[in-house]
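Peer 1: Structure file data34.txt (compact mmCIF, C-alpha atoms) right here:
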```txt
# COMPACT_ATOMS: atom_id res chain seq x y z
CA MET A 1434 -45.39 -44.59 35.49
CA PHE A 1435 -43.38 -47.46 37.00
CA THR A 1436 -42.11 -45.70 40.11
CA GLU A 1437 -43.38 -46.18 43.63
CA ASP A 1438 -44.33 -42.49 43.81
CA ALA A 1439 -46.45 -42.76 40.66
CA TRP A 1440 -48.37 -45.74 42.00
CA GLU A 1441 -48.84 -44.14 45.41
CA GLU A 1442 -50.29 -41.06 43.71
CA ARG A 1443 -52.62 -43.20 41.60
CA TYR A 1444 -54.00 -45.05 44.61
CA ARG A 1445 -54.34 -41.90 46.70
CA GLY A 1446 -56.38 -40.33 43.88
CA LYS A 1447 -59.30 -42.75 44.31
CA ASP A 1448 -60.92 -44.63 47.16
CA ALA A 1449 -60.79 -47.75 44.98
CA VAL A 1450 -58.80 -48.15 41.77
CA TRP A 1451 -59.92 -51.71 40.94
CA SER A 1452 -63.26 -53.51 40.95
CA GLY A 1453 -62.71 -55.56 44.11
CA ARG A 1454 -63.36 -58.77 42.18
CA PRO A 1455 -60.65 -61.39 41.46
CA ASN A 1456 -59.28 -61.56 37.94
CA PRO A 1457 -61.45 -63.98 35.92
CA VAL A 1458 -58.52 -65.88 34.39
CA LEU A 1459 -57.11 -66.51 37.86
CA VAL A 1460 -60.44 -67.95 38.95
CA ASP A 1461 -60.72 -70.12 35.84
CA GLU A 1462 -57.18 -71.47 35.89
CA VAL A 1463 -56.56 -71.91 39.61
CA SER A 1464 -59.88 -73.36 40.79
CA GLY A 1465 -58.75 -76.89 39.92
CA LEU A 1466 -55.27 -76.69 41.43
CA ALA A 1467 -54.23 -78.25 44.72
CA VAL A 1468 -53.75 -75.48 47.27
CA GLY A 1469 -50.34 -74.52 48.62
CA ARG A 1470 -48.15 -71.42 48.74
CA ALA A 1471 -48.98 -68.64 46.30
CA LEU A 1472 -47.22 -65.45 45.23
CA ASP A 1473 -49.57 -62.69 44.06
CA VAL A 1474 -47.43 -60.27 42.04
CA GLY A 1475 -48.62 -56.66 42.03
CA CYS A 1476 -51.51 -57.49 44.34
CA GLY A 1477 -53.02 -54.00 44.30
CA GLU A 1478 -56.02 -53.74 46.60
CA GLY A 1479 -55.96 -57.46 47.28
CA ALA A 1480 -58.92 -59.03 45.47
CA ASP A 1481 -56.88 -61.93 44.05
CA ALA A 1482 -55.04 -62.53 47.32
CA VAL A 1483 -58.28 -62.61 49.30
CA TRP A 1484 -59.88 -64.98 46.77
CA LEU A 1485 -56.89 -67.34 46.96
CA ALA A 1486 -56.77 -67.25 50.75
CA GLY A 1487 -60.48 -67.96 50.91
CA ARG A 1488 -59.83 -71.18 49.03
CA GLY A 1489 -57.08 -72.36 51.35
CA TRP A 1490 -53.94 -70.89 49.79
CA GLN A 1491 -51.20 -69.38 51.94
CA VAL A 1492 -50.53 -66.17 50.05
CA THR A 1493 -47.61 -63.76 49.81
CA ALA A 1494 -49.08 -60.61 48.27
CA VAL A 1495 -46.54 -58.12 46.94
CA ASP A 1496 -46.99 -54.57 45.69
CA ILE A 1497 -44.92 -51.46 45.16
CA SER A 1498 -47.59 -49.25 46.74
CA SER A 1499 -47.99 -49.03 50.50
CA VAL A 1500 -51.40 -47.39 50.02
CA ALA A 1501 -52.62 -50.38 48.01
CA LEU A 1502 -51.20 -52.81 50.55
CA GLY A 1503 -53.00 -51.02 53.37
CA ARG A 1504 -56.30 -51.37 51.55
CA ALA A 1505 -55.58 -55.01 50.72
CA ALA A 1506 -54.80 -55.79 54.35
CA GLY A 1507 -58.07 -54.17 55.36
CA HIS A 1508 -60.03 -56.30 52.88
CA ALA A 1509 -58.26 -59.43 54.14
CA ALA A 1510 -59.12 -58.56 57.73
CA ASP A 1511 -62.75 -57.86 56.82
CA ALA A 1512 -62.92 -61.30 55.19
CA GLY A 1513 -61.39 -62.99 58.24
CA LEU A 1514 -58.39 -64.11 56.18
CA ALA A 1515 -55.57 -61.94 57.51
CA GLU A 1516 -53.67 -64.93 58.91
CA ARG A 1517 -53.52 -66.57 55.47
CA ILE A 1518 -51.94 -63.57 53.68
CA THR A 1519 -48.53 -61.98 54.15
CA PHE A 1520 -48.41 -58.52 52.62
CA ARG A 1521 -45.01 -57.40 51.42
CA HIS A 1522 -43.94 -53.97 50.20
CA ALA A 1523 -41.41 -54.60 47.42
CA ASP A 1524 -40.44 -53.82 43.83
CA LEU A 1525 -39.94 -57.19 42.16
CA ARG A 1526 -37.99 -55.60 39.34
CA THR A 1527 -35.11 -55.52 41.81
CA ASP A 1528 -36.24 -57.35 44.96
CA GLU A 1529 -36.18 -61.13 45.03
CA PRO A 1530 -39.64 -62.73 45.10
CA GLY A 1531 -38.68 -65.78 47.15
CA GLU A 1532 -38.77 -69.38 45.95
CA GLY A 1533 -40.60 -72.68 46.11
CA TYR A 1534 -44.09 -71.33 45.41
CA ASP A 1535 -46.82 -73.69 44.24
CA LEU A 1536 -48.42 -70.82 42.31
CA VAL A 1537 -47.00 -67.58 40.98
CA SER A 1538 -49.67 -65.29 39.54
CA ALA A 1539 -48.82 -62.11 37.62
CA GLN A 1540 -51.93 -60.35 36.33
CA PHE A 1541 -51.40 -57.45 33.91
CA MET A 1542 -47.84 -56.67 34.95
CA HIS A 1543 -46.73 -54.52 32.01
CA LEU A 1544 -43.17 -53.24 31.69
CA PRO A 1545 -40.84 -52.19 28.85
CA PRO A 1546 -39.27 -55.17 27.03
CA ASP A 1547 -35.96 -55.48 28.89
CA ALA A 1548 -37.51 -55.04 32.33
CA ARG A 1549 -40.33 -57.40 31.37
CA ARG A 1550 -37.93 -60.18 30.42
CA GLU A 1551 -35.96 -59.73 33.65
CA LEU A 1552 -39.10 -59.75 35.80
CA TYR A 1553 -40.69 -62.82 34.28
CA THR A 1554 -37.42 -64.73 34.31
CA ARG A 1555 -37.14 -63.97 38.03
CA LEU A 1556 -40.75 -64.97 38.65
CA ALA A 1557 -40.33 -68.26 36.80
CA ALA A 1558 -37.36 -69.09 39.01
CA SER A 1559 -39.55 -68.61 42.10
CA VAL A 1560 -41.90 -71.46 41.11
CA GLY A 1561 -41.17 -74.74 42.88
CA PRO A 1562 -41.15 -78.17 41.18
CA GLY A 1563 -44.69 -79.09 40.18
CA GLY A 1564 -45.81 -75.49 40.69
CA THR A 1565 -47.72 -73.29 38.28
CA LEU A 1566 -46.79 -70.00 36.65
CA LEU A 1567 -49.83 -67.98 35.58
CA VAL A 1568 -49.22 -64.85 33.51
CA VAL A 1569 -52.01 -62.69 32.07
CA GLY A 1570 -51.58 -59.48 30.12
CA HIS A 1571 -53.01 -57.28 27.41
CA HIS A 1572 -52.33 -58.82 23.99
CA PRO A 1573 -50.72 -56.73 21.20
CA SER A 1574 -53.76 -57.35 18.98
CA ASP A 1575 -55.63 -54.88 21.21
CA LEU A 1576 -53.72 -52.10 19.44
CA ALA A 1577 -55.93 -52.65 16.38
CA THR A 1578 -59.14 -52.18 18.38
CA SER A 1579 -60.98 -49.08 19.57
CA VAL A 1580 -60.07 -49.83 23.19
CA GLY A 1581 -56.67 -48.28 22.50
CA ARG A 1582 -53.56 -49.11 24.58
CA MET A 1583 -51.50 -46.82 22.34
CA HIS A 1584 -50.04 -45.15 25.43
CA PHE A 1585 -47.87 -48.24 26.08
CA PRO A 1586 -47.61 -50.36 22.91
CA ASP A 1587 -44.14 -51.75 23.62
CA MET A 1588 -45.33 -53.06 26.98
CA LEU A 1589 -47.89 -55.45 25.52
CA PHE A 1590 -46.79 -59.07 25.11
CA THR A 1591 -47.86 -62.49 23.89
CA ALA A 1592 -48.04 -65.64 25.97
CA GLU A 1593 -45.54 -67.20 23.60
CA GLU A 1594 -42.99 -64.48 24.39
CA ILE A 1595 -43.15 -65.26 28.11
CA ALA A 1596 -43.10 -69.02 27.43
CA GLY A 1597 -39.88 -68.47 25.48
CA LEU A 1598 -38.19 -67.24 28.66
CA LEU A 1599 -38.72 -70.57 30.43
CA GLU A 1600 -35.95 -73.12 30.78
CA PRO A 1601 -36.19 -75.62 27.88
CA GLY A 1602 -37.26 -79.04 29.11
CA GLY A 1603 -38.05 -77.72 32.57
CA TRP A 1604 -41.66 -76.75 31.98
CA LYS A 1605 -44.93 -78.10 30.61
CA ILE A 1606 -46.84 -75.41 28.73
CA VAL A 1607 -50.46 -76.00 29.66
CA THR A 1608 -51.86 -72.94 27.88
CA ALA A 1609 -50.30 -70.22 25.73
CA GLU A 1610 -52.95 -68.28 23.89
CA ALA A 1611 -54.68 -65.03 23.06
CA ARG A 1612 -57.95 -65.47 24.97
CA PRO A 1613 -60.91 -63.34 23.81
CA ARG A 1614 -63.23 -61.40 26.07
CA THR A 1615 -65.92 -58.78 25.52
CA VAL A 1616 -65.54 -55.25 26.85
CA THR A 1617 -67.13 -51.85 26.30
CA ASP A 1618 -64.89 -49.39 24.46
CA PRO A 1619 -64.67 -45.64 25.23
CA GLN A 1620 -67.50 -44.99 22.75
CA GLY A 1621 -69.81 -47.38 24.60
CA ARG A 1622 -69.64 -50.16 22.01
CA GLU A 1623 -69.16 -53.82 22.85
CA ILE A 1624 -65.98 -55.15 21.26
CA THR A 1625 -63.76 -58.21 21.54
CA ILE A 1626 -60.25 -57.84 22.92
CA HIS A 1627 -57.71 -60.51 23.85
CA ASP A 1628 -55.65 -61.37 26.90
CA ALA A 1629 -52.29 -63.08 26.63
CA VAL A 1630 -52.65 -66.13 28.90
CA LEU A 1631 -49.77 -68.39 29.87
CA VAL A 1632 -50.19 -71.34 32.21
CA ALA A 1633 -47.00 -73.34 32.70
CA GLN A 1634 -46.15 -76.12 35.14
CA ARG A 1635 -42.60 -76.52 36.34
CA GLN A 1636 -41.35 -80.07 35.90
CA ARG A 1637 -38.07 -79.83 37.80
```
With the file now loaded, output its structure as structure tokens.

Peer 2:
Amino acid sequence: MFTEDAWEERYRGKDAVWSGRPNPVLVDEVSGLAVGRALDVGCGEGADAVWLAGRGWQVTAVDISSVALGRAAGHAADAGLAERITFRHADLRTDEPGEGYDLVSAQFMHLPPDARRELYTRLAASVGPGGTLLVVGHHPSDLATSVGRMHFPDMLFTAEEIAGLLEPGGWKIVTAEARPRTVTDPQGREITIHDAVLVAQRQR
């Protein structure tokens, strides 16, 4: 499920995999930041990248799927924002993300524990001084709800786990929490689940 071929097959199977709307936590947490250079990790069909570019960010949008990147580039062009976004085909488990970003956003990037630690350590290193690391993922408490997630329990994480990977003394933890939100479960019932949300500012 982590290979390029698997993601290409997933995107080819539908005209649109995602909603086309930016992730709500991104909107909430980034709206007040000064604009600069942003890295959108696992950009998918480009909703977050387009939203950032529309607010003045210069965005590097990275994904493992060339199909997703093609769709994202089309959405950027339709929005008149193609010049503000660089789309890059890469696997950031092994490829270097770059450095000196003012914002690094990783929304729902779920990997097994060892690969997860390696990825988020690499992403943290790509944030420049004064920049922000924003990580959002499914919280382990979701396993006790009817929404499920049992197909990848070891890939869920807490914000505190990711915060623990950051260089001691080098970061200000702005937020590290399990943030509730309401969703509809497979049985059509409204339930509360939680997102792991980490917002950290690099101090040096």

Peer 1: I'd like to know which of A:Asp1628, A:Asp1547, A:Glu1593, A:Asp1448 is closest to A:Pro1573, using all atoms listed in the file.

Peer 2: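 Going through A:Asp1628, A:Asp1547, A:Glu1593, A:Asp1448 one by one, the smallest distance to A:Pro1573 is for A:Asp1628.
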
Peer 1: Could you write out as JSON the box around stretch 1619-1634 of chain A (axis-aligned, all atoms listed in the file, 3 Å on each side), with centre and edge lengths in Å to one decimal?

Peer 2:
```
{"center_x": -58.0, "center_y": -60.6, "center_z": 28.2, "size_x": 29.7, "size_y": 37.1, "size_z": 19.9}
```

Peer 1: I'd like the contact shell of stretch 1466-1475 of chain A - 8 Å cut-off, all atoms listed in the file, skipping same-chain residues fewer than 4 positions apart - returned as a list in words.

Peer 2: Glu1462, Asp1481, Ala1482, Arg1488, Gly1489, Trp1490, Gln1491, Val1492, Thr1493, Ala1494, Val1495, Asp1496, Ile1497, Tyr1534, Asp1535, Leu1536, Val1537, Ser1538, Ala1539, Gln1540 and Met1542 of chain A

Peer 1: Figure out the distance between atom CA of A:Pro1545 and atom CA of A:Asp1528, please, to one decimal in Å.

Peer 2: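 Computed distance, atom CA of A:Asp1528 to atom CA of A:Pro1545, equals 17.5 Å.
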
Peer 1: Nearest to A:Arg1612: which of A:Gly1531, A:Gly1513, A:Pro1457, A:Gly1507 is it, counting only C-alpha atoms?

Peer 2: A:Pro1457

Peer 1: By how many Å are atom CA of A:Ala1486 and atom CA of A:Leu1514 apart?

Peer 2: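 These two atoms are separated by 6.5 Å.
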
Peer 1: Could you tell me which of A:Thr1519, A:Ser1464, A:Gln1634, A:Ser1574 comes closest to A:Gly1479 if we count all atoms listed in the file?

Peer 2: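 Between A:Thr1519, A:Ser1464, A:Gln1634, A:Ser1574, the residue approaching A:Gly1479 most closely is A:Thr1519.
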
Peer 1: Counting all atoms listed in the file, which residues sit no farther than 12 Å from the position (-55.8, -58.0, 32.1) in the file's frame? I'd like them as a PDB file with C-alpha atoms, keeping the file's coordinate frame.

Peer 2:
```
ATOM      1  CA  TRP A1451     -59.920 -51.710  40.940  1.00  0.00           C
ATOM      2  CA  PRO A1455     -60.650 -61.390  41.460  1.00  0.00           C
ATOM      3  CA  ASN A1456     -59.280 -61.560  37.940  1.00  0.00           C
ATOM      4  CA  PRO A1457     -61.450 -63.980  35.920  1.00  0.00           C
ATOM      5  CA  VAL A1458     -58.520 -65.880  34.390  1.00  0.00           C
ATOM      6  CA  LEU A1459     -57.110 -66.510  37.860  1.00  0.00           C
ATOM      7  CA  ALA A1539     -48.820 -62.110  37.620  1.00  0.00           C
ATOM      8  CA  GLN A1540     -51.930 -60.350  36.330  1.00  0.00           C
ATOM      9  CA  PHE A1541     -51.400 -57.450  33.910  1.00  0.00           C
ATOM     10  CA  MET A1542     -47.840 -56.670  34.950  1.00  0.00           C
ATOM     11  CA  HIS A1543     -46.730 -54.520  32.010  1.00  0.00           C
ATOM     12  CA  VAL A1568     -49.220 -64.850  33.510  1.00  0.00           C
ATOM     13  CA  VAL A1569     -52.010 -62.690  32.070  1.00  0.00           C
ATOM     14  CA  GLY A1570     -51.580 -59.480  30.120  1.00  0.00           C
ATOM     15  CA  HIS A1571     -53.010 -57.280  27.410  1.00  0.00           C
ATOM     16  CA  HIS A1572     -52.330 -58.820  23.990  1.00  0.00           C
ATOM     17  CA  ASP A1575     -55.630 -54.880  21.210  1.00  0.00           C
ATOM     18  CA  ARG A1582     -53.560 -49.110  24.580  1.00  0.00           C
ATOM     19  CA  LEU A1589     -47.890 -55.450  25.520  1.00  0.00           C
ATOM     20  CA  PHE A1590     -46.790 -59.070  25.110  1.00  0.00           C
ATOM     21  CA  ALA A1611     -54.680 -65.030  23.060  1.00  0.00           C
ATOM     22  CA  ARG A1612     -57.950 -65.470  24.970  1.00  0.00           C
ATOM     23  CA  PRO A1613     -60.910 -63.340  23.810  1.00  0.00           C
ATOM     24  CA  ARG A1614     -63.230 -61.400  26.070  1.00  0.00           C
ATOM     25  CA  VAL A1616     -65.540 -55.250  26.850  1.00  0.00           C
ATOM     26  CA  ILE A1626     -60.250 -57.840  22.920  1.00  0.00           C
ATOM     27  CA  HIS A1627     -57.710 -60.510  23.850  1.00  0.00           C
ATOM     28  CA  ASP A1628     -55.650 -61.370  26.900  1.00  0.00           C
ATOM     29  CA  ALA A1629     -52.290 -63.080  26.630  1.00  0.00           C
ATOM     30  CA  VAL A1630     -52.650 -66.130  28.900  1.00  0.00           C
TER      31      VAL A1630
END
```
